[in-house]
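One structure below.
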Amino acid sequence: VGRREEALAPAEEAATTYRELAEVNPAAYLPDLAGALNTLAIRLSEVGRREEALAPAEEAATTYRELAEVNPAAYLP
């Protein structure tokens, strides 16, 4: 509905929460962290903060690569 600035705070909170959970239980939460980072990067880009979007986008890609190494059938698609 065009409320991109408002969507940014929940995206940041989700990434922070999943980062904390993944530190304790990576097997359970790394996929969620990667998704949250990807969403955060998209939200940052949508509000014109493209330089800031790069770090979470790169971290999400790295995390997905690591997941794909362990379970290619689930994460390569």
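We label chains A, B, ... in the order they appear in the structure tokens, count residues from 1 in each chain, and number ligands from 1 in the order shown.
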Open item on the list: Using only C-alpha atoms, which protein or nucleic acid residues come within 10 Å of A:Leu76? Drop anything in the same chain fewer than 2 positions from it, and give the result as JSON, numbers by chain.
Closed with: {"A": [64, 65, 67, 68, 69, 71, 72, 73, 74]}
Export C-alpha atoms of the chosen residues as a PDB file, in the first residue's frame?
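Heads up, here's the output in again-v4.pdb:
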```
ATOM      1  CA  TYR A  64      22.011 -19.290   1.261  1.00  0.00           C
ATOM      2  CA  ARG A  65      25.234 -20.560  -0.342  1.00  0.00           C
ATOM      3  CA  LEU A  67      22.833 -23.766   3.298  1.00  0.00           C
ATOM      4  CA  ALA A  68      22.977 -25.028  -0.290  1.00  0.00           C
ATOM      5  CA  GLU A  69      26.305 -26.709   0.353  1.00  0.00           C
ATOM      6  CA  ASN A  71      21.386 -29.379   1.520  1.00  0.00           C
ATOM      7  CA  PRO A  72      21.448 -28.598  -2.218  1.00  0.00           C
ATOM      8  CA  ALA A  73      18.017 -30.069  -2.918  1.00  0.00           C
ATOM      9  CA  ALA A  74      16.391 -27.663  -0.506  1.00  0.00           C
TER      10      ALA A  74
END
```
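Of the residues under consideration (A:Val70, A:Ala22, A:Ala34, A:Val47), A:Val47 shows the shortest atom-to-atom contact distance to A:Ala9 when counting only C-alpha atoms.
Across the structure, atom CA of A:Ala14 and atom CA of A:Leu40 are spaced 8.5 Å apart.
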Task: Residue nearest A:Ala57 among A:Ala15, A:Leu8, A:Leu21, A:Ile42 (counting only C-alpha atoms) - done: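 Checking each of A:Ala15, A:Leu8, A:Leu21, A:Ile42 against A:Ala57, counting only C-alpha atoms, the winner is A:Ile42.
Near A:Arg19, within 9 Å and counting only C-alpha atoms, sit A:Ala14, A:Val24, A:Tyr29, A:Leu30, A:Asp32, A:Leu33; same-chain residues fewer than 5 positions away were not included.
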